[in-house]
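Remarks on the structure that follows.
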Amino acid sequence: MFRKLTRKNRQISQNECIEVLEKETRGVLSVNGDNGYPYGMPMNHFYNPDNGCIYFHCGKAGHRLDSIRKSDKVSFCVMEHGIRNEGEWALNVRSVIVFGKIEIIDNLQQIVDITAKLSHKFTHDESYIQSEIERGAKATLLLKLVPEHICGKLVNEA
């Protein structure tokens with residue numbers, strides 16, 4: 001159902017794809033937007049190794065949610081900052097694209113749990129995390145991306 005990479009020699013393993021999803025803090029979530037136009041937005045994310053799903057937090061209204069309610073099919077693209085090999089100017093960058101269906105979660109306990117895990121990607125200041133969760137959890141929803149296909153590649157920018 002999903003296309004194979006054209007440049008198979010650039011493909012990275014599923015383990016490397018997961019590594020990128022776990023390590024990086026943000027990517028672009030794309031939904032089927034208004035009037036047939038794709039709608040992509042930068043999003044912080046949390047990859048849950050326990051179930052292989054990707055979580056996002058968001059408000060309770062807006063273009064993104066309206067689009068998801070019409071079509072649960074999405075894609076999510078994450079790209080790492082890249083590394084330079086010794087003596088080279090070009091970056092080597094791994095990117096991952098996830099295709100799947102997204103679910104809207106409004107269970108407060110799940111929101112608190114996943115939001116805390118997401119927050120730890122940015123800071124380990126527990127008092128800050130708890131104060132933010134207490135302040136904002138009731139105005140927050142979770143989006144749970146259930147992957148149907150994950151693929152990634154390594155590109156050398158030379």
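Ordering of the structure tokens sets the chain letters (A, B, ...); residue numbers start at 1 within each chain; ligands are numbered from 1 in the order shown.
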
Would you mind listing what lies within 10 Å of Gly59 of chain A as a tab-separated table (two decimals) with N, CA, C and O atoms, in the first residue's frame, with only C-alpha atoms counted and same-chain residues fewer than 5 positions away left out?
```tsv
chain	number	residue	atom	x	y	z
A	64	ARG	N	-6.18	22.04	12.74
A	64	ARG	CA	-5.62	20.68	12.85
A	64	ARG	C	-6.68	19.69	13.30
A	64	ARG	O	-6.89	18.64	12.68
A	65	LEU	N	-7.40	20.01	14.39
A	65	LEU	CA	-8.42	19.09	14.91
A	65	LEU	C	-9.59	18.94	13.95
A	65	LEU	O	-10.11	17.83	13.76
A	136	GLY	N	-2.15	23.66	32.46
A	136	GLY	CA	-2.67	23.49	31.12
A	136	GLY	C	-3.34	22.18	30.75
A	136	GLY	O	-3.94	22.07	29.69
A	137	ALA	N	-3.26	21.17	31.60
A	137	ALA	CA	-3.74	19.84	31.22
A	137	ALA	C	-5.22	19.81	30.85
A	137	ALA	O	-5.62	19.11	29.92
A	138	LYS	N	-6.03	20.55	31.56
A	138	LYS	CA	-7.47	20.51	31.30
A	138	LYS	C	-7.85	21.18	29.98
A	138	LYS	O	-8.93	20.92	29.44
A	139	ALA	N	-6.95	21.98	29.43
A	139	ALA	CA	-7.20	22.64	28.14
A	139	ALA	C	-6.47	21.94	27.00
A	139	ALA	O	-6.36	22.46	25.90
A	140	THR	N	-5.97	20.72	27.29
A	140	THR	CA	-5.12	20.01	26.34
A	140	THR	C	-5.76	18.70	25.90
A	140	THR	O	-6.44	18.04	26.67
A	141	LEU	N	-5.50	18.34	24.65
A	141	LEU	CA	-5.83	17.03	24.12
A	141	LEU	C	-4.53	16.35	23.72
A	141	LEU	O	-3.52	17.02	23.48
A	142	LEU	N	-4.58	15.05	23.60
A	142	LEU	CA	-3.47	14.29	23.04
A	142	LEU	C	-3.87	13.78	21.67
A	142	LEU	O	-5.03	13.42	21.45
```

Residues flagged strand (DSSP E) by DSSP in segment 55-148 of chain A, as a compact mmCIF listing (two decimals) with N, CA, C and O atoms, in the first residue's frame:
```
# COMPACT_ATOMS: atom_id res chain seq x y z
N TYR A 55 3.03 10.53 20.12
CA TYR A 55 2.05 11.39 20.77
C TYR A 55 2.40 12.86 20.59
O TYR A 55 3.58 13.23 20.60
N PHE A 56 1.36 13.67 20.48
CA PHE A 56 1.48 15.12 20.38
C PHE A 56 0.46 15.71 21.36
O PHE A 56 -0.57 15.11 21.61
N HIS A 57 0.72 16.90 21.84
CA HIS A 57 -0.29 17.59 22.63
C HIS A 57 -0.79 18.78 21.81
O HIS A 57 -0.06 19.31 20.97
N CYS A 58 -2.03 19.15 22.04
CA CYS A 58 -2.60 20.28 21.30
C CYS A 58 -3.78 20.85 22.05
O CYS A 58 -4.27 20.24 23.01
N LYS A 73 -6.14 10.04 8.54
CA LYS A 73 -4.87 9.67 7.90
C LYS A 73 -3.93 10.87 7.91
O LYS A 73 -4.29 11.97 7.50
N VAL A 74 -2.70 10.63 8.39
CA VAL A 74 -1.71 11.69 8.51
C VAL A 74 -0.33 11.18 8.11
O VAL A 74 -0.12 9.97 7.98
N SER A 75 0.59 12.10 7.95
CA SER A 75 2.00 11.75 7.86
C SER A 75 2.77 12.66 8.81
O SER A 75 2.33 13.77 9.12
N PHE A 76 3.89 12.16 9.26
CA PHE A 76 4.72 12.89 10.20
C PHE A 76 6.16 12.73 9.76
O PHE A 76 6.63 11.61 9.55
N CYS A 77 6.86 13.84 9.58
CA CYS A 77 8.24 13.83 9.10
C CYS A 77 9.16 14.43 10.16
O CYS A 77 8.90 15.51 10.68
N VAL A 78 10.21 13.70 10.48
CA VAL A 78 11.21 14.14 11.44
C VAL A 78 12.57 14.10 10.75
O VAL A 78 12.88 13.15 10.04
N MET A 79 13.36 15.14 10.99
CA MET A 79 14.68 15.22 10.39
C MET A 79 15.67 15.63 11.48
O MET A 79 15.41 16.57 12.23
N ILE A 83 25.13 15.40 10.94
CA ILE A 83 26.51 15.37 11.43
C ILE A 83 27.45 15.52 10.23
O ILE A 83 27.11 15.17 9.10
N ARG A 84 28.63 16.04 10.52
CA ARG A 84 29.68 16.14 9.51
C ARG A 84 30.76 15.11 9.82
O ARG A 84 31.22 15.00 10.96
N LEU A 91 26.73 17.89 5.37
CA LEU A 91 26.04 17.21 6.46
C LEU A 91 25.49 15.87 6.00
O LEU A 91 25.10 15.70 4.84
N ASN A 92 25.45 14.92 6.93
CA ASN A 92 24.76 13.65 6.74
C ASN A 92 23.52 13.73 7.62
O ASN A 92 23.63 13.90 8.83
N VAL A 93 22.35 13.63 6.99
CA VAL A 93 21.10 13.85 7.69
C VAL A 93 20.19 12.63 7.52
O VAL A 93 19.94 12.20 6.39
N ARG A 94 19.69 12.12 8.65
CA ARG A 94 18.69 11.07 8.60
C ARG A 94 17.31 11.72 8.75
O ARG A 94 17.12 12.62 9.56
N SER A 95 16.37 11.24 7.95
CA SER A 95 14.99 11.70 8.07
C SER A 95 14.07 10.48 8.09
O SER A 95 14.40 9.44 7.55
N VAL A 96 12.93 10.68 8.74
CA VAL A 96 11.96 9.59 8.89
C VAL A 96 10.59 10.13 8.55
O VAL A 96 10.22 11.23 8.95
N ILE A 97 9.82 9.34 7.81
CA ILE A 97 8.43 9.67 7.53
C ILE A 97 7.57 8.53 8.07
O ILE A 97 7.83 7.36 7.80
N VAL A 98 6.55 8.93 8.83
CA VAL A 98 5.61 7.97 9.41
C VAL A 98 4.25 8.23 8.79
O VAL A 98 3.77 9.36 8.77
N PHE A 99 3.63 7.19 8.27
CA PHE A 99 2.26 7.26 7.78
C PHE A 99 1.40 6.48 8.76
O PHE A 99 1.80 5.42 9.24
N GLY A 100 0.23 6.99 9.07
CA GLY A 100 -0.64 6.28 9.97
C GLY A 100 -1.94 6.99 10.21
O GLY A 100 -2.28 7.97 9.53
N LYS A 101 -2.65 6.47 11.18
CA LYS A 101 -3.93 7.05 11.57
C LYS A 101 -3.80 7.65 12.96
O LYS A 101 -3.08 7.12 13.80
N ILE A 102 -4.50 8.74 13.16
CA ILE A 102 -4.37 9.48 14.40
C ILE A 102 -5.66 9.41 15.19
O ILE A 102 -6.74 9.40 14.61
N GLU A 103 -5.51 9.29 16.49
CA GLU A 103 -6.66 9.24 17.40
C GLU A 103 -6.59 10.45 18.33
O GLU A 103 -5.51 10.86 18.74
N ILE A 104 -7.74 10.99 18.68
CA ILE A 104 -7.83 12.09 19.63
C ILE A 104 -8.12 11.50 21.00
O ILE A 104 -9.06 10.72 21.16
N ILE A 105 -7.29 11.84 21.98
CA ILE A 105 -7.44 11.33 23.34
C ILE A 105 -7.77 12.49 24.27
O ILE A 105 -7.03 13.48 24.30
N LEU A 141 -5.50 18.34 24.65
CA LEU A 141 -5.83 17.03 24.12
C LEU A 141 -4.53 16.35 23.72
O LEU A 141 -3.52 17.02 23.48
N LEU A 142 -4.58 15.05 23.60
CA LEU A 142 -3.47 14.29 23.04
C LEU A 142 -3.87 13.78 21.67
O LEU A 142 -5.03 13.42 21.45
N LEU A 143 -2.91 13.74 20.79
CA LEU A 143 -3.08 13.08 19.50
C LEU A 143 -2.16 11.87 19.52
O LEU A 143 -0.97 11.98 19.83
N LYS A 144 -2.70 10.72 19.22
CA LYS A 144 -1.95 9.46 19.21
C LYS A 144 -1.85 8.97 17.78
O LYS A 144 -2.84 8.58 17.18
N LEU A 145 -0.64 9.00 17.23
CA LEU A 145 -0.40 8.52 15.88
C LEU A 145 -0.03 7.04 15.95
O LEU A 145 0.98 6.67 16.55
N VAL A 146 -0.87 6.22 15.34
CA VAL A 146 -0.63 4.78 15.27
C VAL A 146 -0.01 4.51 13.90
O VAL A 146 -0.68 4.59 12.87
N PRO A 147 1.29 4.23 13.87
CA PRO A 147 1.98 4.05 12.59
C PRO A 147 1.48 2.84 11.80
O PRO A 147 1.23 1.78 12.36
N GLU A 148 1.34 3.05 10.49
CA GLU A 148 1.06 1.95 9.57
C GLU A 148 2.29 1.66 8.70
O GLU A 148 2.43 0.57 8.18
```

Could you pull out the helix (DSSP H, G or I) residues of chain A, going by DSSP on the backbone, and write them as a PyMOL selection string?
chain A and resi 8-10+14-23+34-36+63-70+108-119+126-139

Please, what distance in Å, to one decimal, runs between atom CA of Lys153 of chain A and atom CA of Glu16 of chain A?
9.2 Å

Counting only C-alpha atoms, what are the residues of segment 41-66 of chain A within 12 Å of segment 30-34 of chain A, and for each of them which pair of atoms is the nearest and at what distance in Å, to one decimal? Sort the table by chain and rising number, as CSV.
```
residue,atom,partner,partner_atom,distance
A:Met41,CA,A:Ser30,CA,6.5
A:Pro42,CA,A:Ser30,CA,8.9
A:Met43,CA,A:Ser30,CA,9.9
A:Gly62,CA,A:Gly33,CA,11.2
A:His63,CA,A:Gly33,CA,7.5
A:Arg64,CA,A:Val31,CA,7.1
A:Leu65,CA,A:Val31,CA,9.3
A:Asp66,CA,A:Gly33,CA,8.3
```

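Residues in contact with Ala90 of chain A at up to 6 Å, not including ones fewer than 2 positions away on its chain and judged by only C-alpha atoms, are Glu88, Glu157 and Ala158 of chain A.
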
Can you write just those residues out, C-alpha atoms, as a PDB file, in the first residue's frame?
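Generated file (again_20.pdb):
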```pdb
ATOM      1  CA  GLU A  88      33.922  16.938   5.098  1.00  0.00           C
ATOM      2  CA  GLU A 157      24.228  16.964   1.269  1.00  0.00           C
ATOM      3  CA  ALA A 158      27.329  16.937  -0.965  1.00  0.00           C
TER       4      ALA A 158
END
```

Identify which of the residues A:Arg69, A:Lys117, A:Arg10, A:Lys4 lies closest to Gln130 of chain A, counting only C-alpha atoms when measuring atom-to-atom distances.
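Using only C-alpha atoms, Gln130 of chain A sits closest to A:Lys117.
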
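Take atom CA of Ile18 of chain A and atom CA of Lys121 of chain A: the distance between them is 15.1 Å.
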
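Put simply, atom CA of Tyr47 of chain A is 8.5 Å away from atom CA of Leu118 of chain A.
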